[in-house]
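**Student:** Provided herewith is a single structure, encoded as structure tokens, for subsequent inquiry.
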Amino acid sequence: MRHSSVKHALSGKRILITGTTGFLGKVILEKIMREVPDVAGIYLLIRGNKAYPNEAARFRGDVLGSSIFEHLREHDPFGLHAFCRDKIHCIAGEITQPRFGLTEREYEILAGSVDVFIHSAASVNFHEPLDQALLVNALCLAHIADFAVDAGDIPVIQISTCYVNGQNNGLIREAVYSPARVEMPVEPGGYVEVQALLAALESEMAVVLSCCRDDEKARSQALTELGLKEANRYGWGDTYTFTKWIGEQILLRKMQGKTLTIVRPSVVESCLKEPKPGWIESVKVTDAILLAYARDKVSYFPARKAGVVDIIPVDLVANAVLLSAAEALMEPCRQRIYQACSGSRNPLGVDRYIKTICGEVKQNWHKYPKLTQKQPKRTFVPVNKTVFVAAVTLAKWGLTLIDRLMLRGTDHRSPALKLVESTLRLTSIYATYTSPYYVFNNDRLMDLAERMGATDRALFPVDAALIDWDVYFREIHVRGLNHYGLEDRSVQPASELTADEAEIGAASGETASGV
Ligand SMILES: NC(=O)c1ccc[n+]([C@@H]2O[C@H](COP(=O)([O-])OP(=O)(O)OC[C@H]3O[C@@H](n4cnc5c(N)ncnc54)[C@H](OP(=O)(O)O)[C@@H]3O)[C@@H](O)[C@H]2O)c1
């Protein structure tokens, strides 16, 4: 094997990673352990949870215990053991707190110990209350920028999402876009000034808090609704992508003249190849369609057949992150944006996507017992979003009228009316993904892969043109989802669409993808 610039740049380096208890973080970590074992150390910011209150125990249980490490466990058990013993350092940390909740001394030691920061942690819940989503996806990025300075101006690799581009349509490049619905120009420094926006959101949240100070459930519900309303007002379909966009602006502004790479994946799905084709954790946003079809839960759902659904296997995303980290170490003091996506390199039409996954499940349903116990019977009909919303709105009016005639109060709405209301709400969120009017472009990431050379293109492939979509869905993804996704789903929901949501949605027909 010839010289690898990526391995050379990362060798001997100390890497701080957040989010390794999550889906993408695990794949990044596993790839470093397998492909760049001579890094000097990996520092993992992990928080305890109910099952594992201690960060080291959580690493052993939730991270190392994952099936993603099966390949290393089978092929190099002693190497894996030695790597964990000598090079993994678990730090109990909470990204939303100043100094990540560490003592001054612990923070100083950490800042003196690392050379590059890969920040993958986020709240990927579409329904997160606005205050929480802002903290995790936006405001904490100021702490991360401060940490990078305290650590000696180390590079930051921020994992964002292609969907920060919101409701901007057409060809979406690796650049900063203004909100689609509110005039907010991109400053000459390459970011949008969000201070006034944050102040406005703060005062909206203060009103909500003053109204339901003593009722936690009502407060959380009101903040969730406020998030969706504000996201919509500015040009996003959900609070998650809206707050991730704000986070990008905070980082870009605070890290002017510093080393920052933003890597934006589209919808991340199962591994194409490494370490195991089909490996996935939980159910992703587009898989809700598959689940709903397999379990005969829907007949109609809103989708734009001519649109391009942007799916990217998780191993290609992890490779994009490592290419970016290597480049940032080799050529510092620049800000860069890369999109890890398939839309421009290997467009997958919504129509083809639906026909392929539904065809596979219909034909080979007996191979996927966790997906379904019987052959799906219903036909699956994608409907234009406007027609779909009009029909559901009409149903809502009718059901509201019936409720009024029966003198039901708003707290005692009929189950049918509640279902229709939640369908409308979910349609507005998920239609971003199933009715796309945008195509994500990643010419810059392709240029980076070109510059890194043939060895790195083979070791760390990022090009979606490598995917044969029929083979991917029919031989890799559906199998992987059945084997890993549904298995892991009961253990730890973690995705843009949480497993619970997908399961509840699919089981009740309440997803945007169907009634
Ligand atoms: N999955 C996708 O399809 C997709 C698509 C585009 C972009 N992305 C981006 O990719 C990144 C990784 O996503 P993912 O799918 O791996 O998400 P995930 O599976 O939900 O993992 C999220 C990670 O963030 C950690 N985290 C959340 N809040 C935290 C906090 N306050 N302090 C410390 N850690 C915290 C979680 O830790 P706990 O386990 O302790 O909660 C978990 O490790 C995110 O930045 C996301 O925006 C994902």
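Ordered as shown in the structure tokens, chains take letters A, B, and onward, while each chain numbers its residues from 1 and ligands are numbered from 1 in the order shown.
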Which residues sit within 6 Å of ligand 1, counting only C-alpha atoms and all ligand atoms, listed as a list of chain:residue names?

**Tutor:**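 Taking only C-alpha atoms and all ligand atoms into account, the residues around ligand 1 at most 6 Å away are A:Gly19, A:Thr20, A:Thr21, A:Gly22, A:Phe23, A:Leu24, A:Gly25, A:Arg47, A:Glu94, A:Ile95, A:Thr96, A:Ser120, A:Ala121, A:Ala122, A:Ser123, A:Val124, A:Val136, A:Ile159, A:Ser160, A:Thr161, A:Pro265, A:Ser266, A:Val267, A:Val268, A:Ala494, A:Ser495, A:Glu496.
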
**Student:** I need the residues from that last selection saved to file as a compact mmCIF listing (two decimals), in the first residue's frame (with N, CA and C atoms), if you can.

**Tutor:**
```
# COMPACT_ATOMS: atom_id res chain seq x y z
N GLY A 19 -19.94 12.28 21.34
CA GLY A 19 -21.02 11.57 20.65
C GLY A 19 -20.70 10.13 20.28
N THR A 20 -19.72 9.50 20.95
CA THR A 20 -19.38 8.12 20.56
C THR A 20 -20.36 7.08 21.11
N THR A 21 -21.27 7.49 22.00
CA THR A 21 -22.33 6.53 22.38
C THR A 21 -23.42 6.53 21.30
N GLY A 22 -23.32 7.43 20.33
CA GLY A 22 -24.31 7.52 19.26
C GLY A 22 -23.89 6.75 18.02
N PHE A 23 -24.70 6.85 16.99
CA PHE A 23 -24.56 6.06 15.74
C PHE A 23 -23.27 6.41 14.98
N LEU A 24 -23.16 7.66 14.57
CA LEU A 24 -22.01 8.05 13.75
C LEU A 24 -20.70 8.02 14.55
N GLY A 25 -20.76 8.49 15.81
CA GLY A 25 -19.56 8.55 16.64
C GLY A 25 -18.88 7.19 16.75
N ARG A 47 -21.19 10.97 28.84
CA ARG A 47 -21.90 11.19 30.10
C ARG A 47 -22.51 9.86 30.57
N GLU A 94 -20.35 16.95 29.91
CA GLU A 94 -21.69 17.38 29.46
C GLU A 94 -21.45 18.62 28.59
N ILE A 95 -21.67 18.48 27.29
CA ILE A 95 -21.26 19.54 26.36
C ILE A 95 -21.98 20.86 26.57
N THR A 96 -23.15 20.82 27.23
CA THR A 96 -23.91 22.07 27.36
C THR A 96 -23.39 22.94 28.51
N SER A 120 -19.32 15.32 17.45
CA SER A 120 -20.44 14.63 16.80
C SER A 120 -21.71 14.68 17.65
N ALA A 121 -21.58 15.02 18.94
CA ALA A 121 -22.75 14.99 19.83
C ALA A 121 -23.78 16.03 19.40
N ALA A 122 -25.03 15.66 19.52
CA ALA A 122 -26.13 16.58 19.18
C ALA A 122 -27.43 15.98 19.67
N SER A 123 -28.47 16.79 19.69
CA SER A 123 -29.80 16.23 19.87
C SER A 123 -30.43 16.15 18.48
N VAL A 124 -30.68 14.94 18.02
CA VAL A 124 -31.22 14.75 16.67
C VAL A 124 -32.73 14.53 16.69
N VAL A 136 -28.07 22.25 23.22
CA VAL A 136 -27.23 21.14 22.74
C VAL A 136 -26.69 21.40 21.33
N ILE A 159 -19.69 18.15 13.21
CA ILE A 159 -20.63 17.39 12.39
C ILE A 159 -21.97 18.13 12.40
N SER A 160 -22.37 18.54 11.23
CA SER A 160 -23.63 19.25 11.11
C SER A 160 -24.58 18.40 10.27
N THR A 161 -25.40 18.99 9.47
CA THR A 161 -26.31 18.21 8.60
C THR A 161 -26.59 19.02 7.33
N PRO A 265 -23.50 15.68 6.82
CA PRO A 265 -24.09 14.50 6.15
C PRO A 265 -25.54 14.77 5.77
N SER A 266 -26.06 13.98 4.81
CA SER A 266 -27.51 14.04 4.54
C SER A 266 -28.16 12.99 5.45
N VAL A 267 -29.10 12.18 4.97
CA VAL A 267 -29.68 11.15 5.85
C VAL A 267 -28.69 9.98 5.92
N VAL A 268 -28.19 9.72 7.12
CA VAL A 268 -27.16 8.70 7.28
C VAL A 268 -27.82 7.34 7.47
N ALA A 494 -31.57 6.01 18.80
CA ALA A 494 -30.64 7.10 18.50
C ALA A 494 -30.65 7.37 17.01
N SER A 495 -31.38 8.38 16.62
CA SER A 495 -31.39 8.71 15.20
C SER A 495 -32.10 10.02 15.01
N GLU A 496 -32.10 10.48 13.77
CA GLU A 496 -32.82 11.71 13.50
C GLU A 496 -34.30 11.50 13.86
```

**Student:** Excluding same-chain residues fewer than 5 positions from Ile157 (chain A), what lies within 12 Å of it counting only C-alpha atoms, as a ChimeraX atom specification?

**Tutor:** /A:15-18,115-121,141,144-145,148,248,251-252,255,258-264,318,320-329,332,334-338

**Student:** Using only C-alpha atoms, what table do you get, as a tab-separated table, when you list each residue of region 240-322 of chain A with an atom no more than 8 Å from region 464-486 of chain A, its nearest pair of atoms, and their distance in Å rounded to one decimal, rows by chain then rising number?

**Tutor:**
```
residue	atom	partner	partner_atom	distance
A:Glu269	CA	A:His477	CA	7.9
A:Ser270	CA	A:His477	CA	5.9
A:Cys271	CA	A:His477	CA	7.9
A:Leu272	CA	A:Tyr472	CA	7.0
A:Pro277	CA	A:Ile476	CA	6.0
A:Gly278	CA	A:Gly480	CA	3.9
A:Trp279	CA	A:Gly480	CA	5.5
A:Ile280	CA	A:Gly485	CA	5.3
A:Glu281	CA	A:Gly485	CA	4.7
A:Ser282	CA	A:Gly485	CA	4.3
A:Val283	CA	A:Gly485	CA	5.9
A:Ile312	CA	A:Ala464	CA	7.1
A:Leu316	CA	A:Ala464	CA	7.9
```

**Student:** Which one is closest to Ala196 (chain A): A:Val208, A:Met184, A:Ala454, A:Leu401? Count only C-alpha atoms.

**Tutor:**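 Ranking A:Val208, A:Met184, A:Ala454, A:Leu401 by distance to Ala196 (chain A), first place goes to A:Met184.
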
**Student:** Quick one: pick out all helix (DSSP H, G or I) residues within region 53-108 of chain A from a backbone DSSP run and write them as a PyMOL selection string.

**Tutor:** chain A and resi 55-64+67-75+77-87+98-101+104-108

**Student:** Could you write out that same residue set with C-alpha atoms as an mmCIF file, in the first residue's frame?

**Tutor:**
```cif
data_model
loop_
_atom_site.group_PDB
_atom_site.id
_atom_site.type_symbol
_atom_site.label_atom_id
_atom_site.label_comp_id
_atom_site.auth_asym_id
_atom_site.auth_seq_id
_atom_site.Cartn_x
_atom_site.Cartn_y
_atom_site.Cartn_z
ATOM 1 C CA GLU A 55 -18.356 7.018 31.951
ATOM 2 C CA ALA A 56 -15.853 4.146 31.750
ATOM 3 C CA ALA A 57 -18.592 1.578 32.360
ATOM 4 C CA ARG A 58 -20.748 3.303 29.742
ATOM 5 C CA PHE A 59 -17.874 3.101 27.262
ATOM 6 C CA ARG A 60 -17.511 -0.640 27.898
ATOM 7 C CA GLY A 61 -21.264 -1.292 27.768
ATOM 8 C CA ASP A 62 -22.711 1.095 25.193
ATOM 9 C CA VAL A 63 -19.729 1.708 22.934
ATOM 10 C CA LEU A 64 -17.387 -1.272 23.025
ATOM 11 C CA SER A 67 -21.909 -4.972 17.288
ATOM 12 C CA ILE A 68 -19.873 -2.414 15.278
ATOM 13 C CA PHE A 69 -16.801 -3.729 17.141
ATOM 14 C CA GLU A 70 -17.476 -7.389 16.203
ATOM 15 C CA HIS A 71 -15.023 -7.175 13.313
ATOM 16 C CA LEU A 72 -12.168 -6.015 15.576
ATOM 17 C CA ARG A 73 -13.169 -8.473 18.306
ATOM 18 C CA GLU A 74 -12.997 -11.339 15.800
ATOM 19 C CA HIS A 75 -9.925 -10.293 13.824
ATOM 20 C CA PRO A 77 -8.939 -9.165 19.943
ATOM 21 C CA PHE A 78 -5.520 -8.545 21.532
ATOM 22 C CA GLY A 79 -4.960 -5.369 19.515
ATOM 23 C CA LEU A 80 -8.416 -4.135 20.509
ATOM 24 C CA HIS A 81 -7.760 -4.851 24.172
ATOM 25 C CA ALA A 82 -4.341 -3.136 24.080
ATOM 26 C CA PHE A 83 -5.736 -0.109 22.228
ATOM 27 C CA CYS A 84 -8.510 0.370 24.788
ATOM 28 C CA ARG A 85 -6.122 -0.093 27.694
ATOM 29 C CA ASP A 86 -3.384 2.243 26.420
ATOM 30 C CA LYS A 87 -5.095 4.820 24.237
ATOM 31 C CA PRO A 98 -19.180 25.658 30.615
ATOM 32 C CA ARG A 99 -15.872 23.713 30.633
ATOM 33 C CA PHE A 100 -18.086 20.670 29.779
ATOM 34 C CA GLY A 101 -18.877 20.447 33.500
ATOM 35 C CA GLU A 104 -10.846 23.914 36.226
ATOM 36 C CA ARG A 105 -7.947 21.497 36.696
ATOM 37 C CA GLU A 106 -9.609 18.668 34.709
ATOM 38 C CA TYR A 107 -10.434 21.124 31.925
ATOM 39 C CA GLU A 108 -6.831 22.405 31.784
#
```

**Student:** Fewer than 6 positions away in the same chain doesn't count, so skip those; otherwise give me all residues within 12 Å of Met452 (chain A), counting only C-alpha atoms, as a PDB file with C-alpha atoms, in the first residue's frame.

**Tutor:**
```
ATOM      1  CA  HIS A   3       1.628   6.448   1.311  1.00  0.00           C
ATOM      2  CA  SER A   4      -1.606   7.530   3.001  1.00  0.00           C
ATOM      3  CA  SER A   5      -1.775  11.267   3.778  1.00  0.00           C
ATOM      4  CA  VAL A   6      -4.705  10.688   6.138  1.00  0.00           C
ATOM      5  CA  LYS A   7      -2.879   8.070   8.203  1.00  0.00           C
ATOM      6  CA  HIS A   8       0.270  10.166   8.199  1.00  0.00           C
ATOM      7  CA  ALA A   9      -1.588  13.275   9.422  1.00  0.00           C
ATOM      8  CA  ALA A 320     -15.355  12.233   5.188  1.00  0.00           C
ATOM      9  CA  LEU A 322     -11.343  11.603   8.916  1.00  0.00           C
ATOM     10  CA  LEU A 323     -10.321  13.139   5.577  1.00  0.00           C
ATOM     11  CA  SER A 324     -11.419  16.523   6.954  1.00  0.00           C
ATOM     12  CA  ALA A 326      -6.341  15.113   8.332  1.00  0.00           C
ATOM     13  CA  GLU A 327      -6.656  18.110   6.001  1.00  0.00           C
ATOM     14  CA  MET A 330      -2.081  19.531   7.468  1.00  0.00           C
ATOM     15  CA  LEU A 445     -15.526  16.980  -0.808  1.00  0.00           C
ATOM     16  CA  MET A 446     -14.836  15.251  -4.121  1.00  0.00           C
ATOM     17  CA  ALA A 458      -9.301   3.432  -1.422  1.00  0.00           C
ATOM     18  CA  LEU A 459      -8.800   3.464   2.365  1.00  0.00           C
ATOM     19  CA  PHE A 460     -11.276   6.240   3.154  1.00  0.00           C
ATOM     20  CA  PRO A 461     -13.839   6.267   0.301  1.00  0.00           C
ATOM     21  CA  VAL A 462     -16.390   9.108   0.362  1.00  0.00           C
TER      22      VAL A 462
END
```

**Student:** What lies within 9 Å of Arg34 (chain A) using only C-alpha atoms, ignoring chain neighbours under 3 positions off, as a ChimeraX atom specification?

**Tutor:** /A:29-31,37,72,80,275

**Student:** Excluding Ala390 (chain A) and its own-chain neighbours fewer than 6 positions away, which residues fall within 12 Å of it when counting only C-alpha atoms? Please give them as a VMD selection string.

**Tutor:** chain A and resid 302 383 to 384 396 to 397 420 424 427

**Student:** Please extract the residues of region 200-395 of chain A with a backbone DSSP assignment of strand (DSSP E) and present them as a PyMOL selection string.

**Tutor:** chain A and resi 260-265+267-269+300-302+311-313+335-340+381-383

**Student:** Excluding region 344-358 of chain A and residues on its chain fewer than 5 positions from it, collect all residues at most 10 Å away from it, counting only C-alpha atoms, and give them as a VMD selection string.

**Tutor:** chain A and resid 171 to 173 286 to 287 289 to 291 293 to 294 303 to 311 363 to 365 376 379 to 382 433 to 436 439 to 443 446 463 to 474 477 to 478

**Student:** Keeping only C-alpha atoms, write the selected residues as a PDB file, in the first residue's frame.

**Tutor:**
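Final output, out-v5.pdb:
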```pdb
ATOM      1  CA  LEU A 171     -28.707  22.981  -6.074  1.00  0.00           C
ATOM      2  CA  ILE A 172     -27.372  23.379  -2.528  1.00  0.00           C
ATOM      3  CA  ARG A 173     -23.616  23.803  -2.403  1.00  0.00           C
ATOM      4  CA  THR A 286     -36.435   7.280   5.755  1.00  0.00           C
ATOM      5  CA  ASP A 287     -36.727   3.805   7.306  1.00  0.00           C
ATOM      6  CA  ILE A 289     -41.452   4.504   5.298  1.00  0.00           C
ATOM      7  CA  LEU A 290     -40.057   0.998   5.016  1.00  0.00           C
ATOM      8  CA  LEU A 291     -41.383  -0.028   8.426  1.00  0.00           C
ATOM      9  CA  TYR A 293     -45.005  -0.422   4.402  1.00  0.00           C
ATOM     10  CA  ALA A 294     -43.673  -3.727   5.773  1.00  0.00           C
ATOM     11  CA  ALA A 303     -43.865  12.352  -1.329  1.00  0.00           C
ATOM     12  CA  ARG A 304     -42.543  14.014  -4.467  1.00  0.00           C
ATOM     13  CA  LYS A 305     -41.789  11.173  -6.843  1.00  0.00           C
ATOM     14  CA  ALA A 306     -39.536  13.293  -9.050  1.00  0.00           C
ATOM     15  CA  GLY A 307     -37.452  14.527  -6.097  1.00  0.00           C
ATOM     16  CA  VAL A 308     -34.035  13.209  -5.087  1.00  0.00           C
ATOM     17  CA  VAL A 309     -33.929  11.540  -1.673  1.00  0.00           C
ATOM     18  CA  ASP A 310     -30.456  12.026  -0.231  1.00  0.00           C
ATOM     19  CA  ILE A 311     -29.117   8.983   1.600  1.00  0.00           C
ATOM     20  CA  GLN A 363     -40.621 -10.305  -2.579  1.00  0.00           C
ATOM     21  CA  ASN A 364     -38.412 -11.434   0.304  1.00  0.00           C
ATOM     22  CA  TRP A 365     -40.462 -10.598   3.408  1.00  0.00           C
ATOM     23  CA  PRO A 376     -47.396  -6.721   2.957  1.00  0.00           C
ATOM     24  CA  THR A 379     -50.308  -0.856  -2.146  1.00  0.00           C
ATOM     25  CA  PHE A 380     -48.127   2.056  -1.216  1.00  0.00           C
ATOM     26  CA  VAL A 381     -49.145   5.282  -2.916  1.00  0.00           C
ATOM     27  CA  PRO A 382     -46.999   8.437  -2.769  1.00  0.00           C
ATOM     28  CA  TYR A 433     -37.182  14.520   3.452  1.00  0.00           C
ATOM     29  CA  THR A 434     -39.831  12.850   1.284  1.00  0.00           C
ATOM     30  CA  SER A 435     -40.812  15.818  -0.902  1.00  0.00           C
ATOM     31  CA  PRO A 436     -37.435  17.350  -1.741  1.00  0.00           C
ATOM     32  CA  VAL A 439     -30.226  18.557  -4.526  1.00  0.00           C
ATOM     33  CA  PHE A 440     -27.155  18.545  -2.286  1.00  0.00           C
ATOM     34  CA  ASN A 441     -23.872  19.057  -4.080  1.00  0.00           C
ATOM     35  CA  ASN A 442     -20.453  17.978  -2.795  1.00  0.00           C
ATOM     36  CA  ASP A 443     -17.913  19.017  -5.402  1.00  0.00           C
ATOM     37  CA  MET A 446     -14.836  15.251  -4.121  1.00  0.00           C
ATOM     38  CA  ASP A 463     -17.793   9.025  -3.155  1.00  0.00           C
ATOM     39  CA  ALA A 464     -21.503   8.115  -3.400  1.00  0.00           C
ATOM     40  CA  ALA A 465     -20.914   7.091  -7.013  1.00  0.00           C
ATOM     41  CA  LEU A 466     -19.564   3.833  -5.511  1.00  0.00           C
ATOM     42  CA  ILE A 467     -23.109   2.885  -4.500  1.00  0.00           C
ATOM     43  CA  ASP A 468     -25.255   0.659  -6.689  1.00  0.00           C
ATOM     44  CA  TRP A 469     -28.621   1.592  -5.148  1.00  0.00           C
ATOM     45  CA  ASP A 470     -30.352  -1.663  -6.128  1.00  0.00           C
ATOM     46  CA  VAL A 471     -27.600  -3.738  -4.551  1.00  0.00           C
ATOM     47  CA  TYR A 472     -27.434  -1.415  -1.532  1.00  0.00           C
ATOM     48  CA  PHE A 473     -31.123  -1.643  -0.693  1.00  0.00           C
ATOM     49  CA  ARG A 474     -31.799  -5.202  -1.807  1.00  0.00           C
ATOM     50  CA  HIS A 477     -29.626  -2.125   3.829  1.00  0.00           C
ATOM     51  CA  VAL A 478     -32.916  -3.976   4.410  1.00  0.00           C
TER      52      VAL A 478
END
```

**Student:** Could you state the separation of CA of Ile250 (chain A) and CA of Leu134 (chain A) in Å, given to one decimal place?

**Tutor:** 11.4 Å

**Student:** Here is a test: counting only C-alpha atoms, which residue of A:Arg451, A:His127, A:Arg404, A:Arg181 is nearest to Leu228 (chain A)?

**Tutor:**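 Nearest candidate to Leu228 (chain A) out of A:Arg451, A:His127, A:Arg404, A:Arg181: A:His127.
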
**Student:** Give the answer as one residue: which of A:Pro185, A:Gly409, A:Gly359, A:Pro129 has the shortest atom-to-atom distance to Met205 (chain A), using only C-alpha atoms?

**Tutor:**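 Closest candidate: A:Pro129.
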
**Student:** So how far away is CA of Lys297 (chain A) from CA of Tyr368 (chain A), in Å?

**Tutor:**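 Separating CA of Tyr368 (chain A) from CA of Lys297 (chain A) is a distance of 16.8 Å.
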